[in-house]
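Okay, run_38.txt is below, compact mmCIF, C-alpha atoms:
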```
# COMPACT_ATOMS: atom_id res chain seq x y z
CA MET R 172 0.00 0.00 0.00
CA THR R 173 1.40 3.39 -1.01
CA ILE R 174 0.63 6.26 1.34
CA THR R 175 1.05 9.81 0.08
CA TYR R 176 1.45 12.94 2.14
CA GLN R 177 -1.51 15.31 1.81
CA GLU R 178 -0.28 18.89 1.57
CA PRO R 179 -2.63 21.45 3.16
CA ALA R 180 -3.92 24.13 0.83
CA PRO R 181 -2.15 27.49 1.03
CA THR R 182 -4.11 30.60 1.93
CA PRO R 183 -3.25 34.18 0.95
CA LEU R 184 -2.55 35.13 4.58
CA ALA R 185 -0.26 32.15 5.11
CA LEU R 186 1.69 32.94 1.95
CA LEU R 187 2.06 36.55 3.09
CA LEU R 188 3.54 35.42 6.40
CA LEU R 189 6.22 33.10 5.08
CA GLY R 190 8.98 35.43 6.16
CA ARG R 191 9.06 37.93 3.31
CA GLY R 192 6.78 40.63 4.68
CA ALA R 193 7.65 43.45 7.05
CA ASP R 194 6.29 43.89 10.55
CA PRO R 195 6.65 47.54 11.57
CA ALA R 196 5.30 46.77 15.06
CA SER R 197 7.96 44.17 15.81
CA GLU R 198 10.28 45.09 18.68
CA ARG R 199 12.92 42.87 17.08
CA GLY R 200 13.38 44.96 13.95
CA VAL R 201 12.29 44.32 10.40
CA ASP R 202 15.31 44.81 8.19
CA CYS R 203 18.45 42.83 7.60
CA PRO R 204 21.43 45.23 7.95
CA GLY R 205 23.14 44.11 4.78
CA ASP R 206 22.59 42.97 1.21
CA LEU R 207 21.01 39.52 1.16
CA PRO R 208 21.81 37.22 -1.73
CA ALA R 209 18.86 36.62 -3.99
CA ALA R 210 16.67 33.65 -3.09
CA SER R 211 16.91 32.64 -6.76
CA ASP R 212 20.71 32.38 -6.65
CA PRO R 213 21.44 28.82 -7.82
CA ASP R 214 24.72 28.80 -5.86
CA LEU R 215 23.21 29.40 -2.41
CA VAL R 216 23.70 25.84 -1.19
CA GLU R 217 27.30 25.74 -2.34
CA ARG R 218 27.98 29.18 -0.87
CA ALA R 219 26.63 28.05 2.50
CA ARG R 220 28.77 24.92 2.40
CA ALA R 221 31.88 26.85 1.46
CA ALA R 222 31.42 29.51 4.14
CA LYS R 223 30.69 26.95 6.85
CA ALA R 224 33.74 24.92 5.83
CA ALA R 225 35.92 28.04 5.90
CA LEU R 226 34.79 28.81 9.45
CA GLY R 227 35.31 25.23 10.64
CA ASP R 228 35.06 24.74 14.40
CA ARG R 229 34.77 28.49 14.96
CA VAL R 230 31.06 28.31 14.15
CA PHE R 231 28.31 26.12 15.61
CA VAL R 232 24.95 26.22 13.84
CA LEU R 233 21.78 25.43 15.80
CA GLY R 234 18.54 24.55 14.00
CA HIS R 235 15.17 24.57 15.73
CA HIS R 236 12.70 21.85 14.69
CA TYR R 237 10.40 24.44 13.10
CA GLN R 238 13.03 25.76 10.69
CA ARG R 239 12.85 25.25 6.95
CA ASP R 240 14.57 22.14 5.54
CA GLU R 241 16.98 24.35 3.57
CA VAL R 242 18.27 25.72 6.89
CA ILE R 243 18.15 22.46 8.85
CA GLU R 244 20.50 20.98 6.24
CA PHE R 245 23.32 23.14 7.63
CA ALA R 246 22.57 22.74 11.33
CA ASP R 247 25.17 20.96 13.45
CA VAL R 248 22.41 20.00 15.89
CA THR R 249 18.62 20.22 15.85
CA GLY R 250 16.18 20.31 18.73
CA ASP R 251 13.81 22.43 20.78
CA SER R 252 14.82 25.79 22.19
CA PHE R 253 16.28 24.74 25.54
CA LYS R 254 18.09 21.70 24.17
CA LEU R 255 19.77 23.91 21.59
CA ALA R 256 20.79 26.50 24.18
CA ARG R 257 22.37 23.76 26.28
CA ASP R 258 24.07 22.31 23.19
CA ALA R 259 25.60 25.73 22.61
CA ALA R 260 26.82 25.85 26.22
CA ASP R 261 28.44 22.46 25.68
CA ARG R 262 30.54 23.91 22.84
CA PRO R 263 32.77 26.42 24.64
CA GLY R 264 35.31 26.27 21.83
CA ALA R 265 32.90 27.67 19.25
CA GLU R 266 33.50 31.37 18.76
CA PHE R 267 30.21 31.96 16.95
CA ILE R 268 26.84 30.39 17.78
CA VAL R 269 24.49 30.86 14.82
CA PHE R 270 21.02 30.25 16.22
CA CYS R 271 18.47 29.42 13.53
CA GLY R 272 15.42 29.95 15.67
CA VAL R 273 13.85 33.06 17.19
CA HIS R 274 14.98 35.91 19.44
CA PHE R 275 14.17 34.48 22.88
CA MET R 276 16.05 31.29 21.99
CA ALA R 277 19.16 33.26 21.07
CA GLU R 278 18.85 35.17 24.36
CA SER R 279 18.79 31.89 26.31
CA ALA R 280 21.87 30.74 24.45
CA ASP R 281 23.67 33.99 25.29
CA ILE R 282 22.78 33.54 28.97
CA LEU R 283 24.14 29.98 29.05
CA THR R 284 27.25 30.39 26.89
CA GLY R 285 30.63 31.89 27.77
CA ALA R 286 31.50 35.57 27.71
CA ASP R 287 33.90 35.01 24.82
CA GLN R 288 31.22 33.45 22.62
CA ARG R 289 28.88 35.47 20.43
CA VAL R 290 25.34 34.35 19.65
CA ILE R 291 24.01 35.43 16.26
CA LEU R 292 20.43 35.49 14.97
CA PRO R 293 20.47 35.49 11.14
CA ASP R 294 17.38 37.75 10.98
CA LEU R 295 16.58 40.16 13.80
CA ALA R 296 12.90 40.08 12.80
CA ALA R 297 12.70 36.44 13.83
CA GLY R 298 10.84 37.06 17.06
CA CYS R 299 8.06 35.11 18.77
CA SER R 300 4.54 36.49 18.93
CA MET R 301 3.89 34.56 22.16
CA ALA R 302 7.01 35.91 23.87
CA ASP R 303 6.09 39.43 22.77
CA MET R 304 2.69 39.10 24.48
CA ALA R 305 4.35 39.65 27.87
CA THR R 306 6.61 42.66 28.37
CA ALA R 307 8.59 43.48 31.48
CA GLU R 308 6.45 46.56 32.13
CA GLN R 309 3.21 44.60 31.85
CA VAL R 310 4.41 41.86 34.19
CA ALA R 311 5.63 44.42 36.75
CA GLU R 312 2.18 46.03 36.64
CA CYS R 313 0.59 42.60 37.10
CA TRP R 314 2.69 42.04 40.23
CA ASP R 315 1.44 45.37 41.57
CA VAL R 316 -2.12 44.16 40.99
CA LEU R 317 -1.37 40.94 42.87
CA THR R 318 0.20 42.96 45.67
CA ASP R 319 -2.84 45.23 45.93
CA ALA R 320 -5.07 42.14 46.07
CA GLY R 321 -3.00 40.83 48.98
CA VAL R 322 -1.90 37.64 47.22
CA ALA R 323 1.60 38.41 45.87
CA ASP R 324 3.27 36.77 48.88
CA THR R 325 1.58 33.47 48.01
CA VAL R 326 2.26 33.59 44.24
CA VAL R 327 5.17 31.78 42.58
CA PRO R 328 5.89 32.80 38.98
CA VAL R 329 6.52 30.07 36.44
CA ALA R 330 7.66 31.30 33.03
CA TYR R 331 7.59 29.17 29.92
CA MET R 332 10.88 28.87 28.07
CA ASN R 333 9.17 30.74 25.22
CA SER R 334 9.62 34.09 26.93
CA SER R 335 12.03 36.99 26.71
CA ALA R 336 15.11 37.30 28.90
CA ASP R 337 13.34 40.13 30.77
CA ILE R 338 10.48 37.80 31.74
CA LYS R 339 12.89 35.05 32.76
CA ALA R 340 14.74 37.62 34.88
CA PHE R 341 11.50 38.74 36.55
CA THR R 342 10.77 35.08 37.33
CA GLY R 343 14.21 34.51 38.81
CA SER R 344 14.11 37.68 40.92
CA HIS R 345 10.74 36.63 42.37
CA GLY R 346 11.77 33.11 43.37
CA GLY R 347 10.21 31.31 40.43
CA THR R 348 11.34 28.85 37.81
CA ILE R 349 11.32 28.30 34.06
CA CYS R 350 9.64 25.34 32.42
CA THR R 351 9.52 23.65 29.05
CA SER R 352 6.56 21.81 27.56
CA SER R 353 8.28 18.60 28.67
CA ASN R 354 8.72 19.44 32.37
CA ALA R 355 5.81 21.83 33.00
CA LYS R 356 4.16 19.34 35.38
CA ARG R 357 7.29 19.09 37.53
CA ALA R 358 7.68 22.86 37.51
CA LEU R 359 4.11 23.41 38.70
CA GLU R 360 4.42 20.73 41.38
CA TRP R 361 7.53 22.48 42.67
CA ALA R 362 5.85 25.89 42.54
CA PHE R 363 2.87 24.70 44.58
CA GLU R 364 5.27 23.42 47.21
CA GLN R 365 6.58 27.00 47.52
CA GLY R 366 3.26 28.84 47.47
CA SER R 367 -0.47 28.42 47.03
CA LYS R 368 -0.81 30.18 43.66
CA VAL R 369 1.08 30.25 40.37
CA LEU R 370 1.43 33.09 37.90
CA PHE R 371 2.03 31.23 34.63
CA LEU R 372 3.27 33.22 31.66
CA PRO R 373 3.17 33.87 28.81
CA ASP R 374 1.20 30.88 27.37
CA GLN R 375 -2.18 30.42 28.97
CA HIS R 376 -2.84 27.12 27.16
CA LEU R 377 0.23 25.24 28.38
CA GLY R 378 -0.46 26.48 31.91
CA ARG R 379 -4.13 25.52 31.82
CA ASN R 380 -3.56 22.13 30.17
CA THR R 381 -0.83 21.16 32.61
CA ALA R 382 -2.77 22.31 35.67
CA VAL R 383 -6.03 20.63 34.71
CA ARG R 384 -4.81 17.48 32.95
CA ASP R 385 -1.74 16.68 35.00
CA LEU R 386 -2.44 18.16 38.43
CA GLY R 387 -6.23 17.84 38.62
CA ILE R 388 -6.79 21.55 39.25
CA GLY R 389 -10.30 22.65 38.28
CA LEU R 390 -10.97 24.93 35.35
CA ASP R 391 -12.82 27.19 37.78
CA GLU R 392 -9.57 27.60 39.73
CA CYS R 393 -7.84 29.04 36.65
CA VAL R 394 -8.25 32.71 35.76
CA VAL R 395 -6.80 34.65 32.83
CA TYR R 396 -4.95 37.91 33.45
CA ASN R 397 -5.37 40.27 30.48
CA PRO R 398 -2.58 42.90 30.50
CA HIS R 399 -4.66 45.15 28.26
CA LYS R 400 -7.44 45.56 30.82
CA PRO R 401 -7.34 47.49 34.11
CA GLY R 402 -6.39 45.10 36.89
CA GLY R 403 -5.96 42.38 34.32
CA GLY R 404 -9.73 42.25 33.96
CA LEU R 405 -9.96 40.44 37.30
CA THR R 406 -11.32 41.37 40.71
CA ALA R 407 -9.36 40.97 43.92
CA GLU R 408 -11.83 38.26 44.90
CA GLN R 409 -11.13 36.30 41.70
CA LEU R 410 -7.38 36.53 42.30
CA ARG R 411 -7.76 35.35 45.89
CA ALA R 412 -9.90 32.37 44.83
CA ALA R 413 -7.65 31.28 41.93
CA LYS R 414 -4.84 28.73 42.04
CA MET R 415 -3.60 29.36 38.50
CA ILE R 416 -3.28 32.93 37.24
CA LEU R 417 -2.74 32.49 33.51
CA TRP R 418 -1.24 35.24 31.40
CA ARG R 419 -3.32 36.04 28.32
CA GLY R 420 -0.81 34.80 25.74
CA HIS R 421 -0.76 32.05 23.17
CA CYS R 422 1.14 30.57 20.24
CA SER R 423 -0.18 31.83 16.91
CA VAL R 424 0.40 28.40 15.36
CA HIS R 425 -0.88 26.04 18.04
CA GLY R 426 -3.69 28.38 18.99
CA ARG R 427 -5.29 28.09 15.55
CA PHE R 428 -6.15 24.39 15.88
CA SER R 429 -9.79 23.91 16.83
CA LEU R 430 -12.17 21.18 17.90
CA ASP R 431 -13.55 21.31 14.35
CA SER R 432 -10.05 20.44 13.10
CA VAL R 433 -10.06 17.30 15.22
CA ASP R 434 -13.59 16.29 14.22
CA GLU R 435 -12.87 16.89 10.54
CA VAL R 436 -9.70 14.81 10.44
CA ARG R 437 -11.35 11.92 12.31
CA ALA R 438 -14.19 11.91 9.76
CA ARG R 439 -11.76 12.15 6.84
CA ILE R 440 -9.25 9.54 8.04
CA PRO R 441 -10.87 6.68 10.00
CA GLY R 442 -8.53 5.25 12.62
CA VAL R 443 -6.29 8.31 12.73
CA THR R 444 -4.35 9.10 15.91
CA VAL R 445 -4.53 12.79 16.80
CA LEU R 446 -1.31 14.00 18.42
CA VAL R 447 -1.05 17.63 19.53
CA HIS R 448 1.28 19.98 21.35
CA PRO R 449 0.19 21.20 24.83
CA GLU R 450 0.25 24.80 23.56
CA CYS R 451 -3.05 23.97 21.81
CA ARG R 452 -6.37 25.10 23.22
CA HIS R 453 -7.78 23.08 26.11
CA GLU R 454 -10.69 21.64 24.12
CA VAL R 455 -8.29 20.46 21.40
CA VAL R 456 -6.00 18.82 23.94
CA GLN R 457 -8.99 17.14 25.58
CA ALA R 458 -10.15 15.74 22.24
CA ALA R 459 -6.71 14.49 21.13
CA ASP R 460 -5.43 10.95 21.58
CA LEU R 461 -1.92 12.01 22.61
CA VAL R 462 -0.44 15.26 23.88
CA GLY R 463 3.24 16.09 24.16
CA SER R 464 6.19 18.34 23.46
CA THR R 465 7.95 18.58 20.13
CA GLU R 466 10.45 15.92 21.21
CA PHE R 467 7.55 13.71 22.35
CA ILE R 468 5.88 14.10 18.95
CA ILE R 469 9.07 13.12 17.11
CA LYS R 470 9.64 10.06 19.31
CA ALA R 471 6.01 8.97 18.96
CA LEU R 472 6.29 8.95 15.18
CA ASP R 473 9.62 7.13 15.31
CA ALA R 474 8.03 4.38 17.42
CA ALA R 475 4.76 4.16 15.47
CA GLU R 476 3.75 1.04 13.58
CA PRO R 477 4.04 1.03 9.76
CA GLY R 478 0.70 1.81 8.17
CA SER R 479 -0.52 3.83 11.15
CA LYS R 480 -2.29 7.14 10.54
CA TRP R 481 -1.41 10.37 12.33
CA ALA R 482 -2.79 13.90 12.42
CA ILE R 483 -0.25 16.23 14.03
CA GLY R 484 -1.13 19.54 15.65
CA THR R 485 2.11 21.48 15.57
CA GLU R 486 4.16 23.67 13.20
CA LEU R 487 3.93 22.67 9.54
CA ASN R 488 7.67 22.51 8.75
CA LEU R 489 8.07 19.80 11.38
CA VAL R 490 4.97 17.91 10.24
CA ARG R 491 6.26 17.91 6.67
CA ARG R 492 9.64 16.66 7.85
CA LEU R 493 8.02 13.86 9.86
CA ALA R 494 5.90 12.83 6.88
CA LYS R 495 8.99 12.68 4.69
CA ALA R 496 10.92 10.70 7.31
CA HIS R 497 8.10 8.16 7.71
CA PRO R 498 6.85 7.22 4.22
CA ASP R 499 5.42 3.97 5.66
CA LYS R 500 2.90 5.97 7.75
CA GLU R 501 0.18 8.43 6.84
CA VAL R 502 1.10 11.74 8.44
CA VAL R 503 -1.11 14.80 7.94
CA PHE R 504 -1.29 18.31 9.34
CA LEU R 505 -4.21 18.64 11.77
CA ASP R 506 -5.51 21.76 10.04
CA ARG R 507 -6.35 21.78 6.34
CA THR R 508 -4.75 25.15 5.67
CA VAL R 509 -1.10 26.19 5.81
CA CYS R 510 0.15 27.41 9.18
CA PHE R 511 3.87 28.04 9.43
CA CYS R 512 5.48 29.93 12.28
CA SER R 513 5.78 33.18 10.34
CA THR R 514 8.66 34.65 12.35
CA MET R 515 10.62 31.39 12.44
CA ASN R 516 10.29 31.28 8.64
CA ARG R 517 12.09 34.60 8.32
CA ILE R 518 15.35 32.69 8.65
CA ASP R 519 15.89 31.23 5.22
CA LEU R 520 18.90 30.18 3.16
CA PRO R 521 19.74 33.73 1.96
CA HIS R 522 19.89 34.94 5.58
CA LEU R 523 22.03 31.98 6.60
CA VAL R 524 24.42 32.48 3.67
CA TRP R 525 24.67 36.22 4.44
CA THR R 526 25.45 35.44 8.09
CA LEU R 527 28.10 32.82 7.38
CA GLU R 528 29.79 34.83 4.63
CA SER R 529 29.83 37.90 6.87
CA LEU R 530 31.67 35.89 9.52
CA VAL R 531 34.17 34.65 6.96
CA GLU R 532 34.82 38.27 5.96
CA GLY R 533 35.40 39.28 9.59
CA ARG R 534 32.06 41.00 10.21
CA VAL R 535 29.89 39.72 13.06
CA PRO R 536 26.22 40.58 12.36
CA ASN R 537 23.13 40.51 14.55
CA VAL R 538 24.79 39.66 17.86
CA ILE R 539 22.24 38.96 20.62
CA THR R 540 23.43 40.19 24.01
CA VAL R 541 21.60 40.07 27.33
CA ASP R 542 22.81 42.63 29.88
CA PRO R 543 24.61 41.13 32.92
CA GLN R 544 21.96 41.95 35.54
CA THR R 545 19.11 40.54 33.45
CA ALA R 546 21.22 37.51 32.58
CA ALA R 547 22.01 36.83 36.24
CA HIS R 548 18.35 36.82 37.31
CA ALA R 549 17.31 34.81 34.25
CA ARG R 550 20.11 32.33 34.91
CA ALA R 551 18.80 31.88 38.47
CA ALA R 552 15.39 30.89 37.10
CA LEU R 553 16.96 28.54 34.55
CA ASP R 554 19.17 26.98 37.22
CA GLN R 555 16.08 26.41 39.34
CA MET R 556 14.52 24.54 36.46
CA LEU R 557 17.62 22.39 36.09
CA ALA R 558 17.44 21.62 39.81
CA LEU R 559 13.85 20.37 39.63
CA PRO R 560 13.50 16.80 40.99
```

Full structure transcribed into C-alpha cells:
Amino acid sequence: MTITYQEPAPTPLALLLLGRGADPASERGVDCPGDLPAASDPDLVERARAAKAALGDRVFVLGHHYQRDEVIEFADVTGDSFKLARDAADRPGAEFIVFCGVHFMAESADILTGADQRVILPDLAAGCSMADMATAEQVAECWDVLTDAGVADTVVPVAYMNSSADIKAFTGSHGGTICTSSNAKRALEWAFEQGSKVLFLPDQHLGRNTAVRDLGIGLDECVVYNPHKPGGGLTAEQLRAAKMILWRGHCSVHGRFSLDSVDEVRARIPGVTVLVHPECRHEVVQAADLVGSTEFIIKALDAAEPGSKWAIGTELNLVRRLAKAHPDKEVVFLDRTVCFCSTMNRIDLPHLVWTLESLVEGRVPNVITVDPQTAAHARAALDQMLALP
C-alpha cells in the first residue's frame, strides 16, 4: 500500500507570512542590515557549504525543529529551544553560535554560553509572537495588581521557556522557575510546594492544560490575566480564589487548531491518531489521543507502527519533515490550511548564507546580548529549572 502525504492548501494570509513581509510593530526589527543574496541564486547551497567549511570549528549552527529544511541541512544540531541553548553551552570552543530559531532562543543561548562566545540570529525580525505578548512593564504592573489584592506573597511565577530574557529575569528575581513543555508538570508541582498560587506566563494554554490534565486543578480555579485591561480584567476576589493565574498569551500556530479540526480529520481519516502539542487550546488537547512536546511528537512517530495514521497539531515545517521521514505511515497536518510559524520562517537560506559569509569576511552581524543583571536573574530561574526533581 502506497501512502502519500496530503499537503494542506495554502491561503493568501499564510503565503504573506512566510517570512518575506515586514512587521513595523515588531520590537525585534524588520530589516536585515546588509545585502542579502537573492533567493533565486542557484549557488546558495554551495555558498553556505563553502562559508561553513571556511569557518570550521569556529562556528556552531543550531537549528530549531520548526526551521525550513533548507536551513536544517546546515545545522550541526537540531532540537527544541532549551536543548539547543544547552548544546551551545556544551561547545565552549565555538567562537560563533548561529542560532536558527527566534529571538528568545538566542537570548537563552547567550545567557548559558561563555562571555567570549557570540550568539548570532540570522534575521533580527525572527521574534516570537507569544514571547512578545508579555513585556517586562506589563508583568511588573501585574505584580502590583497581585500585591494590591494581597496575594503576591503566596504567588510563585513560572515562566515558559518561550519568553524573553526580561520575563525570565523577573521570574528569577521573584523566586520562580522556568519550564519547558516537557517538564511543565514538575515545575508546577515544585511551585505549589513553595506557594499556594502560580502566575504562569506567557502561554495560557500550556499552563491551563498542565494544571487541569496533569495536576487535577479545576478549570474554575484558573483565571486569565489580560494585561490590556485594568487590573488584568480580574477582581481581587477572583485573584484570591484562583490557584492558576494564567497570562493572556498564546502561540499563533498552536492556537489556531480547533475542535472542528479534530472532528474533521477523524471523519476524513478513520482510525487516525490525533497528536497535539500542549500549547493547543484546552478543548483540542482534551479531544486528542496524545499530547506532548515537540520531542515527544518526534519520538512517537519514530516508534509508530508502519501503516498507522497520524494527524499532528504542531508547526507545519516539522509535520512535513516527519511525513517525509516516515513514508510507511500516513502523516497529515491537523488543520487543512497552511500554518507556518511566520517569524521562524524569516530565517531562510539567503539569511544563513549572508550570516556565514559575513563571519568569513570578519564582520559579526546581529549579535544577541543580554545585559549582565538581566542575565544573572534569568540564569537563576533557569538553574532552578535544572534543579527540579

Please identify all polymer residues within 7 Å of stretch 341-350 of chain R, counting all atoms listed in the file, omitting same-chain residues fewer than 5 positions from it, and present them as a list in words.
-> Val327, Pro328, Val329, Ala330, Tyr331, Met332, Ala355, Ala358, His548, Ala549, Ala551, Ala552, Leu553, Gln555 and Met556 of chain R

Deliver the residues from the most recent selection as a file, using C-alpha atoms, as a PDB file, in the frame of the given file.
```pdb
ATOM      1  CA  VAL R 327       5.170  31.780  42.580  1.00  0.00           C
ATOM      2  CA  PRO R 328       5.890  32.800  38.980  1.00  0.00           C
ATOM      3  CA  VAL R 329       6.520  30.070  36.440  1.00  0.00           C
ATOM      4  CA  ALA R 330       7.660  31.300  33.030  1.00  0.00           C
ATOM      5  CA  TYR R 331       7.590  29.170  29.920  1.00  0.00           C
ATOM      6  CA  MET R 332      10.880  28.870  28.070  1.00  0.00           C
ATOM      7  CA  ALA R 355       5.810  21.830  33.000  1.00  0.00           C
ATOM      8  CA  ALA R 358       7.680  22.860  37.510  1.00  0.00           C
ATOM      9  CA  HIS R 548      18.350  36.820  37.310  1.00  0.00           C
ATOM     10  CA  ALA R 549      17.310  34.810  34.250  1.00  0.00           C
ATOM     11  CA  ALA R 551      18.800  31.880  38.470  1.00  0.00           C
ATOM     12  CA  ALA R 552      15.390  30.890  37.100  1.00  0.00           C
ATOM     13  CA  LEU R 553      16.960  28.540  34.550  1.00  0.00           C
ATOM     14  CA  GLN R 555      16.080  26.410  39.340  1.00  0.00           C
ATOM     15  CA  MET R 556      14.520  24.540  36.460  1.00  0.00           C
TER      16      MET R 556
END
```

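Distances to R:Ser432 were evaluated for R:Asp506, R:Asp251, R:Glu501, R:Glu454 using all atoms listed in the file, and the minimum falls at R:Asp506.
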
Can you tell me, as a list of chain:residue names, what residues are no more than 10 Å from R:Pro208 when counting only C-alpha atoms, ignoring any on the same chain fewer than 6 positions away?
->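 Everything that qualifies: R:Asp214, R:Leu215, R:Leu520, R:Pro521, R:His522, R:Leu523, R:Val524, R:Trp525.
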
Have a look at atom CA of R:Asp294 and atom CA of R:Ile518 and let me know their distance in Å, one decimal.
-> 5.9 Å

Return the single residue from R:Leu559, R:Thr465, R:Asp287, R:Glu528 that is closest to R:Leu359, with distances computed using only C-alpha atoms.
-> R:Leu559

Among listed residues R:Met301, R:Leu283, R:Pro401, R:Leu233, nearest R:Asp315 (using all atoms listed in the file) |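 Closest to R:Asp315 of all the choices is R:Pro401.
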
Smallest atom-to-atom distance to R:Leu390: which of R:Asp554, R:Met415, R:Gly234, R:Leu372, using only C-alpha atoms?
->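 Of R:Asp554, R:Met415, R:Gly234, R:Leu372, the one nearest R:Leu390 is R:Met415, counting only C-alpha atoms.
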
What does the distance between atom CA of R:Gly272 and atom CA of R:Ile469 come to in Å, to one decimal place?
->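 Value for the atom CA of R:Gly272-atom CA of R:Ile469 distance: 18.0 Å.
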
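Atom CA of R:Lys356 to atom CA of R:Ala547 spans 25.0 Å [interatomic distance, one decimal].
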
Mind giving me the axis-aligned box for stretch 440-447 of chain R with 8 Å on every side, centre plus edges in Å to one decimal, as AutoDock Vina command-line options?
```
--center_x -6.0 --center_y 11.4 --center_z 13.8 --size_x 25.8 --size_y 28.4 --size_z 27.5
```

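Look at everything within 6 Å of (-0.6, 19.5, 17.6) using only C-alpha atoms, and the residues you get are Leu446, Val447, His448, Ile483, Gly484 and Thr485 of chain R.
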
Which of these, R:Arg289, R:Lys339, R:Arg439, R:Lys368, has the shortest distance to R:Ala412 once you count only C-alpha atoms?
-> R:Lys368

Shell around R:Cys393 at 8 Å using only C-alpha atoms, local window under 6 positions removed, as a list in words = Arg379, Ala413, Lys414, Met415, Ile416 and Leu417 of chain R

Surrounding residues of R:Ile268 excluding itself and chain neighbours under 3 positions, 7 Å, only C-alpha atoms, as a short mmCIF file (atom, residue, chain, number, x, y, z; two decimals) with C-alpha atoms, keeping the file's coordinate frame:
```
data_model
loop_
_atom_site.label_atom_id
_atom_site.label_comp_id
_atom_site.auth_asym_id
_atom_site.auth_seq_id
_atom_site.Cartn_x
_atom_site.Cartn_y
_atom_site.Cartn_z
CA VAL R 230 31.06 28.31 14.15
CA PHE R 231 28.31 26.12 15.61
CA VAL R 232 24.95 26.22 13.84
CA ALA R 259 25.60 25.73 22.61
CA ALA R 265 32.90 27.67 19.25
CA ARG R 289 28.88 35.47 20.43
CA VAL R 290 25.34 34.35 19.65
CA ILE R 291 24.01 35.43 16.26
#
```

Name the residues in contact with R:Lys470 at a cut-off of 12 Å, using all atoms listed in the file, excluding same-chain residues fewer than 6 positions from it; report them as a list in words.
-> Leu446, Gly463, Ser464, Leu493 and His497 of chain R

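The residue that comes closest to R:Val535, out of R:Val424, R:Met276, R:Leu292, R:Cys271 and on the basis of all atoms listed in the file, is R:Leu292.
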